[in-house]
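> This one is data-v7.cif, mmCIF, C-alpha atoms.
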data_query
#
loop_
_atom_site.label_atom_id
_atom_site.label_comp_id
_atom_site.auth_asym_id
_atom_site.auth_seq_id
_atom_site.Cartn_x
_atom_site.Cartn_y
_atom_site.Cartn_z
CA MET A 19 0.00 0.00 0.00
CA ARG A 20 2.82 2.40 0.87
CA THR A 21 4.55 1.83 -2.46
CA GLN A 22 1.34 2.52 -4.34
CA LEU A 23 0.81 5.82 -2.53
CA ARG A 24 4.33 6.96 -3.36
CA PHE A 25 3.75 6.12 -7.01
CA VAL A 26 0.56 8.17 -7.14
CA THR A 27 2.06 11.25 -5.54
CA GLY A 28 5.24 10.91 -7.59
CA GLU A 29 3.23 11.01 -10.82
CA HIS A 30 1.38 14.07 -9.51
CA TYR A 31 4.61 15.95 -8.86
CA LYS A 32 5.98 15.24 -12.31
CA MET A 33 3.20 17.51 -13.56
CA THR A 34 3.59 20.42 -11.13
CA LYS A 35 6.55 22.50 -10.01
CA PRO A 36 7.02 23.24 -6.32
CA LYS A 37 5.86 26.72 -5.39
CA ILE A 38 8.55 28.77 -3.67
CA ALA A 39 8.26 32.00 -1.68
CA VAL A 40 11.17 34.44 -1.71
CA ILE A 41 10.81 36.20 1.64
CA ILE A 42 12.22 39.71 2.06
CA GLY A 43 13.44 39.58 5.65
CA SER A 44 13.81 43.29 6.48
CA VAL A 45 11.21 46.03 6.83
CA ARG A 46 13.35 49.13 7.39
CA PRO A 47 12.75 52.03 4.97
CA THR A 48 16.48 52.05 4.14
CA ARG A 49 16.68 48.29 3.60
CA HIS A 50 18.52 46.65 0.71
CA GLY A 51 16.83 43.25 0.89
CA ASP A 52 14.40 43.84 -1.96
CA LYS A 53 17.29 44.01 -4.45
CA PRO A 54 18.75 40.51 -3.87
CA ALA A 55 15.23 39.15 -3.29
CA ASN A 56 13.96 40.25 -6.70
CA TRP A 57 17.22 39.07 -8.28
CA ILE A 58 17.04 35.55 -6.81
CA ALA A 59 13.32 35.33 -7.62
CA LYS A 60 13.99 36.18 -11.27
CA LEU A 61 16.73 33.56 -11.56
CA ALA A 62 14.62 30.95 -9.75
CA LYS A 63 11.82 31.49 -12.27
CA GLU A 64 14.27 31.28 -15.16
CA SER A 65 15.64 27.99 -13.84
CA GLY A 66 12.33 26.36 -14.76
CA LEU A 67 12.33 24.39 -11.50
CA PHE A 68 9.81 26.43 -9.53
CA ASP A 69 6.78 28.65 -9.48
CA VAL A 70 8.01 31.69 -7.57
CA GLU A 71 6.46 34.57 -5.64
CA VAL A 72 8.15 37.34 -3.69
CA VAL A 73 6.64 37.76 -0.21
CA ASP A 74 7.42 41.05 1.54
CA LEU A 75 7.25 41.30 5.32
CA LYS A 76 6.23 44.94 4.87
CA ASP A 77 2.86 43.69 3.62
CA TYR A 78 2.26 41.96 6.96
CA PRO A 79 2.64 44.55 9.76
CA LEU A 80 2.88 42.03 12.55
CA PRO A 81 2.92 43.07 16.21
CA LEU A 82 5.55 41.66 18.51
CA PHE A 83 4.62 38.06 19.17
CA ASP A 84 2.15 38.18 22.06
CA ALA A 85 -0.15 35.20 21.47
CA PRO A 86 -0.85 32.91 24.45
CA ALA A 87 0.84 30.10 22.51
CA SER A 88 2.31 29.25 19.12
CA ASP A 89 0.05 28.39 16.19
CA PHE A 90 1.40 24.85 16.63
CA TRP A 91 -0.79 24.63 19.73
CA MET A 92 -3.74 26.95 19.03
CA PRO A 93 -5.29 29.09 16.28
CA THR A 94 -3.65 32.50 16.17
CA PRO A 95 -5.74 35.31 17.65
CA ASN A 96 -4.21 38.02 15.44
CA GLU A 97 -5.79 38.82 12.05
CA VAL A 98 -2.57 39.95 10.35
CA ALA A 99 -0.72 36.90 11.62
CA ALA A 100 -3.51 34.65 10.31
CA LYS A 101 -3.11 36.23 6.86
CA TRP A 102 0.68 35.74 7.09
CA GLN A 103 0.22 32.06 7.95
CA ALA A 104 -2.30 31.59 5.15
CA LYS A 105 0.14 33.08 2.62
CA LEU A 106 2.97 30.84 3.81
CA ASN A 107 0.70 27.80 3.56
CA GLU A 108 0.54 28.31 -0.21
CA PHE A 109 4.17 27.29 -0.66
CA ASP A 110 6.23 24.11 -0.82
CA GLY A 111 9.48 25.83 0.14
CA TYR A 112 11.14 29.15 0.81
CA ILE A 113 14.16 31.27 0.00
CA VAL A 114 14.75 33.61 2.92
CA VAL A 115 16.66 36.79 2.05
CA THR A 116 18.23 38.23 5.16
CA ALA A 117 20.59 40.90 6.35
CA GLU A 118 22.74 40.37 9.42
CA TYR A 119 21.80 42.58 12.37
CA ASN A 120 24.13 42.50 15.38
CA ARG A 121 25.51 39.06 14.44
CA SER A 122 22.01 37.63 14.11
CA VAL A 123 18.62 37.73 12.39
CA PRO A 124 16.66 40.95 11.78
CA GLY A 125 14.09 41.33 14.53
CA ALA A 126 11.18 41.65 12.10
CA LEU A 127 12.11 38.36 10.44
CA LYS A 128 12.46 36.46 13.73
CA ASN A 129 9.13 37.87 14.89
CA ALA A 130 7.43 36.81 11.64
CA ILE A 131 8.81 33.28 12.04
CA ASP A 132 7.56 33.17 15.64
CA TRP A 133 4.05 33.94 14.36
CA ALA A 134 4.07 31.00 11.91
CA TYR A 135 5.27 27.61 13.12
CA LYS A 136 2.98 25.21 11.26
CA PRO A 137 3.32 26.64 7.72
CA PHE A 138 7.07 25.88 7.71
CA MET A 139 6.81 22.31 8.98
CA LYS A 140 8.38 19.62 6.77
CA LYS A 141 9.26 22.06 3.99
CA ALA A 142 12.56 23.11 2.42
CA VAL A 143 14.31 26.43 3.11
CA ALA A 144 17.26 28.09 1.36
CA TYR A 145 19.02 31.34 2.19
CA VAL A 146 20.42 34.45 0.52
CA SER A 147 22.24 36.74 2.92
CA TYR A 148 24.30 39.90 2.88
CA GLY A 149 26.39 41.96 5.27
CA SER A 150 29.40 41.35 7.46
CA VAL A 151 30.96 37.94 6.68
CA GLY A 152 28.27 37.49 4.06
CA GLY A 153 25.44 37.39 6.58
CA ALA A 154 26.65 33.92 7.55
CA ARG A 155 26.01 34.42 11.26
CA ALA A 156 22.39 35.37 10.60
CA VAL A 157 21.96 32.27 8.43
CA GLU A 158 23.50 30.00 11.05
CA HIS A 159 20.93 31.29 13.54
CA LEU A 160 18.15 30.76 10.99
CA ARG A 161 19.27 27.18 10.40
CA ASN A 162 18.87 26.45 14.12
CA ILE A 163 15.53 28.26 14.24
CA PHE A 164 14.14 26.28 11.32
CA VAL A 165 15.26 22.99 12.87
CA GLU A 166 12.90 23.79 15.73
CA LEU A 167 10.13 24.43 13.18
CA GLN A 168 10.79 20.96 11.68
CA ALA A 169 11.87 22.47 8.34
CA VAL A 170 14.78 21.33 6.16
CA SER A 171 17.55 23.84 5.42
CA VAL A 172 19.47 23.10 2.23
CA ARG A 173 23.26 23.04 2.27
CA HIS A 174 23.96 25.64 -0.41
CA GLY A 175 23.30 29.37 -0.10
CA ILE A 176 24.29 32.78 -1.43
CA HIS A 177 26.42 34.93 0.90
CA ILE A 178 27.18 38.48 -0.26
CA GLY A 179 30.22 39.55 1.71
CA GLY A 180 30.99 42.74 3.55
CA SER A 181 33.40 44.06 0.95
CA ASP A 182 30.75 43.89 -1.76
CA PHE A 183 27.83 44.99 0.39
CA GLY A 184 29.92 47.76 1.93
CA ALA A 185 30.75 49.04 -1.54
CA VAL A 186 27.04 49.12 -2.39
CA TYR A 187 26.24 50.85 0.88
CA MET A 188 28.89 53.50 0.20
CA GLY A 189 27.78 54.02 -3.39
CA GLN A 190 30.97 52.58 -4.89
CA LYS A 191 29.22 49.65 -6.59
CA THR A 192 25.70 48.90 -7.74
CA TRP A 193 23.66 45.87 -6.74
CA ASP A 194 23.70 44.78 -10.39
CA GLU A 195 27.50 44.68 -10.34
CA VAL A 196 27.65 42.73 -7.09
CA LEU A 197 24.92 40.25 -7.96
CA ALA A 198 26.40 39.48 -11.38
CA GLY A 199 29.30 37.81 -9.57
CA GLN A 200 26.93 35.55 -7.62
CA VAL A 201 25.02 34.01 -10.54
CA GLY A 202 27.32 31.01 -10.80
CA TYR A 203 26.52 29.97 -7.24
CA THR A 204 22.77 29.82 -7.76
CA LYS A 205 22.66 26.51 -9.65
CA ASP A 206 23.60 24.40 -6.62
CA LEU A 207 21.13 26.33 -4.47
CA PHE A 208 18.29 25.80 -6.95
CA ASP A 209 19.10 22.14 -7.60
CA ASN A 210 19.17 21.33 -3.90
CA LEU A 211 16.11 23.39 -3.07
CA ALA A 212 14.17 21.68 -5.88
CA TRP A 213 15.23 18.22 -4.67
CA TRP A 214 14.21 18.86 -1.07
CA ALA A 215 11.04 20.78 -1.95
CA ASN A 216 9.89 17.89 -4.13
CA ALA A 217 10.94 15.26 -1.60
CA THR A 218 9.19 16.91 1.33
CA ARG A 219 6.09 17.68 -0.72
CA THR A 220 5.86 14.05 -1.84
CA ALA A 221 6.20 12.87 1.76
CA ARG A 222 3.59 15.32 3.03
CA GLU A 223 1.05 14.31 0.42
CA THR A 224 1.76 10.63 0.95
CA ASP A 225 1.01 11.12 4.64
CA GLN A 226 -2.21 12.97 3.80
CA VAL A 227 -3.38 10.20 1.47
CA ALA A 228 -2.50 7.54 4.04
CA ALA A 229 -4.37 9.44 6.77
CA LYS A 230 -7.49 9.65 4.60
CA ALA A 231 -7.26 5.96 3.78
CA ALA A 232 -6.83 4.94 7.43
#
Show me this structure written as structure tokens.

Amino acid sequence: MRTQLRFVTGEHYKMTKPKIAVIIGSVRPTRHGDKPANWIAKLAKESGLFDVEVVDLKDYPLPLFDAPASDFWMPTPNEVAAKWQAKLNEFDGYIVVTAEYNRSVPGALKNAIDWAYKPFMKKAVAYVSYGSVGGARAVEHLRNIFVELQAVSVRHGIHIGGSDFGAVYMGQKTWDEVLAGQVGYTKDLFDNLAWWANATRTARETDQVAAKAA
């Protein structure tokens, strides 16, 4: 019975691409995150591996997390948070675009994640980061956070280092110049994200079919 269910869902996924959200992880008016986010979204679409949508945290003005419990345990009482969760539920995986703030994750991004546990469960996540040491410290924190949410972080990522980002910040380079040097690194990110997004989606649907048949 298990083999048959895998065959059915496998055939289904040959016909549909996984849907991926590119999440802009900063909300400051002076942010830079929309530039690499739109860039990676464009390349992800061109890869032919995904359906892609950019999701901007600015469109979800979330309060500081103040619910009695996580959405893992109870329905969220906040209307904006419920809309945020519903949007995330549309996707099979995510590319999180993040700056590094004080050696960690932007507060708005961490708060948005705290409002949405269940939508990330058993899905694939990749990262594009920028800032000091390429935003690597922010991504390392995100990898640990997403483990707790039962998500799967892919190995490969894009890290735009301080020398390049600093040059953009100081007006010495443009984002187009900096991002052109990162294109070659996107193939491994996309290939791995596609593999894990398809694998986790197949497993989730297999479980759903099995639960209905039980």
> What is the distance, in Å and to one decimal place, between CA of Pro86 in chain A and CA of Phe138 in chain A?
19.8 Å
> Specify as a list of chain:residue names each residue included when the PyMOL selection byres ((chain A and resi 94-108) around 6) is applied to this file.
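Those residues are A:Asp89, A:Pro93, A:Phe109, A:Ala134, A:Pro137.
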> Taking (17.6, 34.3, -7.8) in the file's own coordinates, collect the residues within 10 Å, counting only C-alpha atoms, and hand them back as a PyMOL selection string.
chain A and resi 40+54-65+70+113+146+176+197+200-201+203-205+207-208
> Dump C-alpha atoms for the selected residues as a PDB file, in the coordinates of the input?

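Saved to result-v7.pdb:
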ATOM      1  CA  VAL A  40      11.170  34.440  -1.710  1.00  0.00           C
ATOM      2  CA  PRO A  54      18.750  40.510  -3.870  1.00  0.00           C
ATOM      3  CA  ALA A  55      15.230  39.150  -3.290  1.00  0.00           C
ATOM      4  CA  ASN A  56      13.960  40.250  -6.700  1.00  0.00           C
ATOM      5  CA  TRP A  57      17.220  39.070  -8.280  1.00  0.00           C
ATOM      6  CA  ILE A  58      17.040  35.550  -6.810  1.00  0.00           C
ATOM      7  CA  ALA A  59      13.320  35.330  -7.620  1.00  0.00           C
ATOM      8  CA  LYS A  60      13.990  36.180 -11.270  1.00  0.00           C
ATOM      9  CA  LEU A  61      16.730  33.560 -11.560  1.00  0.00           C
ATOM     10  CA  ALA A  62      14.620  30.950  -9.750  1.00  0.00           C
ATOM     11  CA  LYS A  63      11.820  31.490 -12.270  1.00  0.00           C
ATOM     12  CA  GLU A  64      14.270  31.280 -15.160  1.00  0.00           C
ATOM     13  CA  SER A  65      15.640  27.990 -13.840  1.00  0.00           C
ATOM     14  CA  VAL A  70       8.010  31.690  -7.570  1.00  0.00           C
ATOM     15  CA  ILE A 113      14.160  31.270   0.000  1.00  0.00           C
ATOM     16  CA  VAL A 146      20.420  34.450   0.520  1.00  0.00           C
ATOM     17  CA  ILE A 176      24.290  32.780  -1.430  1.00  0.00           C
ATOM     18  CA  LEU A 197      24.920  40.250  -7.960  1.00  0.00           C
ATOM     19  CA  GLN A 200      26.930  35.550  -7.620  1.00  0.00           C
ATOM     20  CA  VAL A 201      25.020  34.010 -10.540  1.00  0.00           C
ATOM     21  CA  TYR A 203      26.520  29.970  -7.240  1.00  0.00           C
ATOM     22  CA  THR A 204      22.770  29.820  -7.760  1.00  0.00           C
ATOM     23  CA  LYS A 205      22.660  26.510  -9.650  1.00  0.00           C
ATOM     24  CA  LEU A 207      21.130  26.330  -4.470  1.00  0.00           C
ATOM     25  CA  PHE A 208      18.290  25.800  -6.950  1.00  0.00           C
TER      26      PHE A 208
END
> Care to translate the PyMOL selection byres ((chain A and resi 72-75) around 6) into actual residues of this file, as JSON, numbers by chain?
{"A": [39, 40, 41, 42, 71, 76, 77, 78]}
> Applying the PyMOL selection byres ((chain A and resi 152) around 12) to the file I just gave you, which residues come out? Please list them as a ChimeraX atom specification.
/A:115-119,121-122,145-151,153-158,175-184,200
> Would you mind telling me which residue in A:Gly199, A:Ala217, A:Val186, A:Trp133 lies nearest to Ala87 in chain A when using all atoms listed in the file?
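Smallest distance to Ala87 in chain A is found for A:Trp133.
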> In Å, with one decimal, what is the gap from CA of Met188 in chain A to CA of His50 in chain A?
12.4 Å
> Rank A:Val123, A:Lys191, A:Asp132, A:Phe90 by their smallest atom-to-atom distance to Arg161 in chain A, using all atoms listed in the file, and report the top residue only.
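When distances to Arg161 in chain A are compared using all atoms listed in the file, the smallest one comes from A:Val123.
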> Quick one: distance from CA of Phe164 in chain A to CA of Gly43 in chain A in Å, one decimal?
14.5 Å
> Here is a test: counting all atoms listed in the file, which residue of A:Pro47, A:Glu166, A:Lys128, A:Asp110 is nearest to Leu80 in chain A?
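Smallest distance to Leu80 in chain A is found for A:Lys128.
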> Taking only C-alpha atoms into account, name the residue in A:Asn129, A:Gly202, A:Ser171, A:Ala185 that is nearest to Asp84 in chain A.
A:Asn129
> Please put the answer as AutoDock Vina command-line options: centre and edge lengths, in Å with one decimal, of a box along x, y and z that encloses all listed atoms of range 161-167 of chain A plus 6 Å on each side.

--center_x 14.7 --center_y 25.6 --center_z 13.1 --size_x 21.1 --size_y 17.3 --size_z 17.3
